[in-house]
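start_10.txt follows (compact mmCIF, C-alpha atoms):
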# COMPACT_ATOMS: atom_id res chain seq x y z
CA MET W 7 197.40 -27.74 51.70
CA PRO W 8 196.61 -24.49 49.89
CA LEU W 9 199.03 -23.42 47.20
CA PRO W 10 198.26 -19.72 46.62
CA PHE W 11 200.98 -19.33 44.03
CA LEU W 12 199.17 -21.82 41.79
CA THR W 13 195.70 -20.33 42.07
CA ALA W 14 194.14 -17.22 40.63
CA ASP W 15 192.18 -16.36 43.78
CA ARG W 16 194.94 -14.45 45.54
CA ASP W 17 194.89 -10.69 45.82
CA LEU W 18 197.65 -9.39 43.55
CA ASP W 19 197.22 -5.76 44.64
CA ALA W 20 197.81 -6.65 48.29
CA ALA W 21 200.99 -8.52 47.37
CA ASP W 22 202.18 -5.57 45.30
CA SER W 23 201.58 -3.04 48.04
CA ALA W 24 203.74 -4.79 50.62
CA ALA W 25 207.20 -3.33 50.83
CA LEU W 26 210.07 -5.64 50.11
CA PRO W 27 211.89 -6.64 53.28
CA HIS W 28 215.48 -5.65 53.87
CA ASP W 29 216.54 -7.73 56.84
CA GLU W 30 220.09 -8.10 55.58
CA PRO W 31 221.22 -4.58 54.68
CA ASP W 32 224.67 -5.75 53.51
CA HIS W 33 223.23 -7.64 50.53
CA TRP W 34 222.51 -5.81 47.30
CA ARG W 35 218.79 -5.79 46.55
CA ARG W 36 216.41 -4.08 44.20
CA PRO W 37 213.80 -2.20 46.26
CA TYR W 38 211.10 -2.81 43.64
CA ARG W 39 209.95 -5.60 41.37
CA PRO W 40 210.91 -5.59 37.68
CA GLY W 41 208.13 -4.20 35.53
CA PRO W 42 206.09 -6.11 32.96
CA TRP W 43 207.81 -4.40 30.01
CA ARG W 44 211.24 -5.51 31.23
CA VAL W 45 210.11 -9.06 32.00
CA GLY W 46 208.26 -9.29 28.67
CA ALA W 47 211.30 -8.15 26.69
CA ALA W 48 213.53 -10.63 28.51
CA SER W 49 211.07 -13.47 27.91
CA VAL W 50 210.92 -12.66 24.18
CA LEU W 51 214.74 -12.71 24.08
CA LEU W 52 214.78 -16.08 25.87
CA LEU W 53 212.22 -17.44 23.40
CA LEU W 54 214.40 -16.24 20.54
CA ALA W 55 217.44 -17.83 22.19
CA SER W 56 215.66 -21.18 22.42
CA PHE W 57 215.01 -21.13 18.66
CA VAL W 58 218.60 -20.13 17.96
CA LEU W 59 219.95 -22.92 20.19
CA LEU W 60 217.58 -25.43 18.56
CA SER W 61 218.80 -24.34 15.15
CA SER W 62 222.42 -24.76 16.28
CA MET W 63 221.61 -28.34 17.27
CA ILE W 64 220.05 -28.98 13.85
CA ILE W 65 223.08 -27.44 12.13
CA ALA W 66 225.39 -29.65 14.22
CA MET W 67 223.43 -32.79 13.30
CA ALA W 68 223.66 -31.80 9.65
CA GLY W 69 227.44 -31.96 9.96
CA SER W 70 228.57 -28.34 9.99
CA LEU W 71 230.23 -28.03 13.40
CA PRO W 72 231.86 -24.59 12.91
CA GLY W 73 228.53 -23.10 11.86
CA ALA W 74 226.78 -24.78 14.79
CA GLY W 75 229.36 -23.34 17.17
CA ILE W 76 228.81 -19.82 15.86
CA VAL W 77 225.04 -20.13 16.12
CA ALA W 78 225.31 -21.66 19.62
CA ALA W 79 227.54 -18.76 20.71
CA LEU W 80 224.92 -16.36 19.34
CA GLY W 81 222.25 -18.20 21.36
CA ALA W 82 224.36 -18.04 24.52
CA LEU W 83 224.93 -14.33 23.94
CA THR W 84 221.16 -13.83 23.62
CA VAL W 85 220.57 -15.67 26.91
CA ALA W 86 223.21 -13.53 28.63
CA LEU W 87 221.60 -10.38 27.21
CA ALA W 88 218.17 -11.42 28.51
CA LEU W 89 219.53 -12.14 31.98
CA ARG W 90 221.39 -8.84 32.06
CA LEU W 91 218.22 -7.05 30.97
CA LEU W 92 216.47 -8.50 34.02
CA ARG W 93 219.23 -7.16 36.31
CA VAL W 94 219.01 -3.61 34.95
CA GLY W 95 217.80 -1.16 37.57
CA VAL W 96 218.71 0.34 40.91
CA TRP W 97 220.12 -1.80 43.70
CA VAL W 98 220.73 -0.65 47.27
CA SER W 99 222.56 -1.95 50.31
CA ALA W 100 224.21 -0.54 53.39
CA HIS W 101 227.25 0.12 51.19
CA GLY W 102 225.53 2.49 48.77
CA VAL W 103 223.40 2.76 45.68
CA ARG W 104 224.21 0.82 42.49
CA GLN W 105 222.87 1.65 39.06
CA VAL W 106 223.00 -1.36 36.76
CA ASN W 107 222.71 -0.55 33.06
CA LEU W 108 222.85 -2.96 30.16
CA LEU W 109 226.58 -2.55 29.58
CA ARG W 110 227.94 -0.92 32.74
CA THR W 111 227.38 -0.61 36.46
CA THR W 112 227.92 2.49 38.61
CA THR W 113 228.18 2.28 42.39
CA GLU W 114 228.13 5.26 44.75
CA PRO W 115 228.73 4.81 48.49
CA TRP W 116 226.20 6.49 50.77
CA SER W 117 228.97 8.78 52.02
CA ALA W 118 229.24 10.29 48.52
CA VAL W 119 225.47 10.81 48.13
CA ALA W 120 224.19 14.27 49.11
CA SER W 121 220.49 13.76 48.35
CA VAL W 122 218.02 11.53 46.55
CA ARG W 123 215.01 13.39 45.14
CA THR W 124 212.17 13.00 42.70
CA ARG W 125 212.00 15.74 40.09
CA GLN W 126 209.60 16.65 37.29
CA GLN W 127 211.52 16.72 34.00
CA PRO W 128 211.49 15.37 30.44
CA VAL W 129 212.25 11.62 30.61
CA ARG W 130 212.87 8.97 27.99
CA TRP W 131 209.93 6.72 27.18
CA LEU W 132 211.00 3.04 27.64
CA GLY W 133 214.62 4.13 27.15
CA LEU W 134 213.95 5.20 23.56
CA PRO W 135 215.02 8.60 22.20
CA ARG W 136 211.46 9.93 22.49
CA THR W 137 211.02 12.12 25.59
CA VAL W 138 207.84 12.85 27.51
CA GLN W 139 207.15 14.90 30.62
CA GLY W 140 207.47 12.72 33.69
CA GLN W 141 209.13 12.18 37.04
CA ALA W 142 212.68 11.04 37.60
CA LEU W 143 214.63 10.00 40.67
CA ILE W 144 217.90 11.96 40.79
CA VAL W 145 220.91 11.25 43.03
CA HIS W 146 223.02 14.31 43.78
CA ARG W 147 226.62 13.60 44.76
CA ARG W 148 228.56 15.58 47.33
CA GLN W 149 231.30 16.25 44.80
CA GLY W 150 230.72 16.34 41.08
CA GLY W 151 227.48 16.40 39.17
CA PRO W 152 224.42 14.27 39.70
CA LEU W 153 224.35 10.64 38.64
CA ARG W 154 222.43 9.66 35.55
CA THR W 155 218.71 9.40 36.16
CA LEU W 156 218.13 6.30 38.27
CA VAL W 157 214.50 5.51 37.60
CA THR W 158 211.68 7.31 35.80
CA ASP W 159 207.95 6.81 35.74
CA HIS W 160 208.20 6.00 32.01
CA ASN W 161 210.93 3.33 32.05
CA ALA W 162 210.40 -0.41 31.57
CA ASP W 163 209.77 -0.98 35.29
CA PHE W 164 207.16 1.71 35.95
CA LEU W 165 205.35 2.54 32.70
CA ASN W 166 201.61 2.79 33.52
CA ARG W 167 202.34 1.88 37.17
CA PRO W 168 202.48 5.25 39.01
CA ASP W 169 201.78 3.72 42.44
CA SER W 170 204.75 1.36 42.08
CA PHE W 171 206.95 4.27 41.05
CA GLU W 172 205.92 6.28 44.12
CA ARG W 173 206.59 3.32 46.42
CA ALA W 174 209.99 2.63 44.84
CA THR W 175 211.11 6.25 45.08
CA ASP W 176 209.92 6.43 48.68
CA VAL W 177 211.93 3.31 49.51
CA LEU W 178 215.04 4.64 47.75
CA GLU W 179 214.74 7.98 49.56
CA ALA W 180 214.31 6.09 52.85
CA TRP W 181 217.49 4.10 52.20
CA ALA W 182 219.36 7.35 51.53
CA ALA W 183 218.00 8.85 54.76
CA GLU W 184 218.85 5.69 56.73
CA TYR W 185 222.51 5.69 55.71
CA PRO W 186 223.63 9.35 55.77
CA ALA W 187 227.30 10.19 55.58

Can you give me the file's structure in the form of structure tokens?
Amino acid sequence: MPLPFLTADRDLDAADSAALPHDEPDHWRRPYRPGPWRVGAASVLLLLASFVLLSSMIIAMAGSLPGAGIVAALGALTVALALRLLRVGVWVSAHGVRQVNLLRTTTEPWSAVASVRTRQQPVRWLGLPRTVQGQALIVHRRQGGPLRTLVTDHNADFLNRPDSFERATDVLEAWAAEYPA
């Protein structure tokens, strides 16, 4: 029985080029895979959390239960931060488009979305204050101003992956065209 997920002989580019299925349009889904920068940052946070939780166990065995509780809470907070970091991005369903940020989530129904377009503009590099010239996916609402920039070609999901950015923006624009108001 071949196990392609355990071997290195599979074609990673072919797997990356296949569009993600959306058989159940009522479920929220991310139309692209998280990028290596996002996954790497979350894995470093989880590694840090494991050391913090191990230290809380050592502190508890040494006899200082209040200190162990504080350190364990810090470890649990780090795990929650890493998991939330993995959920950051754009999610779509038949109900609308959802932008998940680290501390807040914004949802717009498709009836409130006027257009979804890619635009050339200065974008933030990996979410840091430094800006570079790049592409951004902008959602214009029917009433009010545009939403914050959904995805850019220099964020943690698409840095140095221009083909993935193009595919993701095409999929997001297709979702917007599929569910017009």

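Going from atom CA of W:Trp34 to atom CA of W:Arg123 covers 20.7 Å.
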
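Residues in contact with stretch 152-163 of chain W at 6 Å, where only C-alpha atoms are counted and same-chain residues fewer than 6 positions away are skipped, are listed as Pro40, Gly41, Trp43, Arg44, Trp131, Leu132, Gln141, Ala142, Leu143, Ile144, Val145, His146 and Phe171 of chain W.
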
Which residues are close to W:Val96, i.e. within 8 Å by only C-alpha atoms, leaving aside same-chain residues fewer than 4 positions away? Reply as a CSV table (one decimal) with C-alpha atoms, in the coordinates of the input.
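Saved to part32.csv:
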chain,number,residue,atom,x,y,z
W,36,ARG,CA,216.4,-4.1,44.2
W,37,PRO,CA,213.8,-2.2,46.3
W,103,VAL,CA,223.4,2.8,45.7
W,104,ARG,CA,224.2,0.8,42.5
W,105,GLN,CA,222.9,1.6,39.1
W,106,VAL,CA,223.0,-1.4,36.8
W,156,LEU,CA,218.1,6.3,38.3
W,157,VAL,CA,214.5,5.5,37.6

**Request:** Excluding stretch 58-73 of chain W and any residue of its chain fewer than 5 positions from it, enumerate the residues within 10 Å of it, using all atoms listed in the file, and give them as a PyMOL selection string.
**Result:** chain W and resi 52-53+78-82+84-85

**Prompt:** Contacts of W:Gln139 at 8 Å or less, counting all atoms listed in the file, minus same-chain residues fewer than 2 places along, as a PyMOL selection string?
**Reply:** chain W and resi 126-129+137+141

With C-alpha atoms kept, could you save the residues just selected as a PDB file, in the frame of the given file?
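File written: part.pdb
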ATOM      1  CA  GLN W 126     209.600  16.650  37.290  1.00  0.00           C
ATOM      2  CA  GLN W 127     211.520  16.720  34.000  1.00  0.00           C
ATOM      3  CA  PRO W 128     211.490  15.370  30.440  1.00  0.00           C
ATOM      4  CA  VAL W 129     212.250  11.620  30.610  1.00  0.00           C
ATOM      5  CA  THR W 137     211.020  12.120  25.590  1.00  0.00           C
ATOM      6  CA  GLN W 141     209.130  12.180  37.040  1.00  0.00           C
TER       7      GLN W 141
END

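For the set W:Gly151, W:His33, W:Gly95, W:Leu89, the residue with the smallest atom-to-atom gap to W:Ala48 is W:Leu89, counting only C-alpha atoms.
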
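Considering the residues W:Ser170, W:Thr111, W:Ser117, W:Ser56 and counting only C-alpha atoms, W:Glu184 has its shortest atom-to-atom contact with W:Ser117.
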
**Atom-to-atom span, atom CA of W:Trp181 and atom CA of W:Arg130, Å** = 25.1 Å
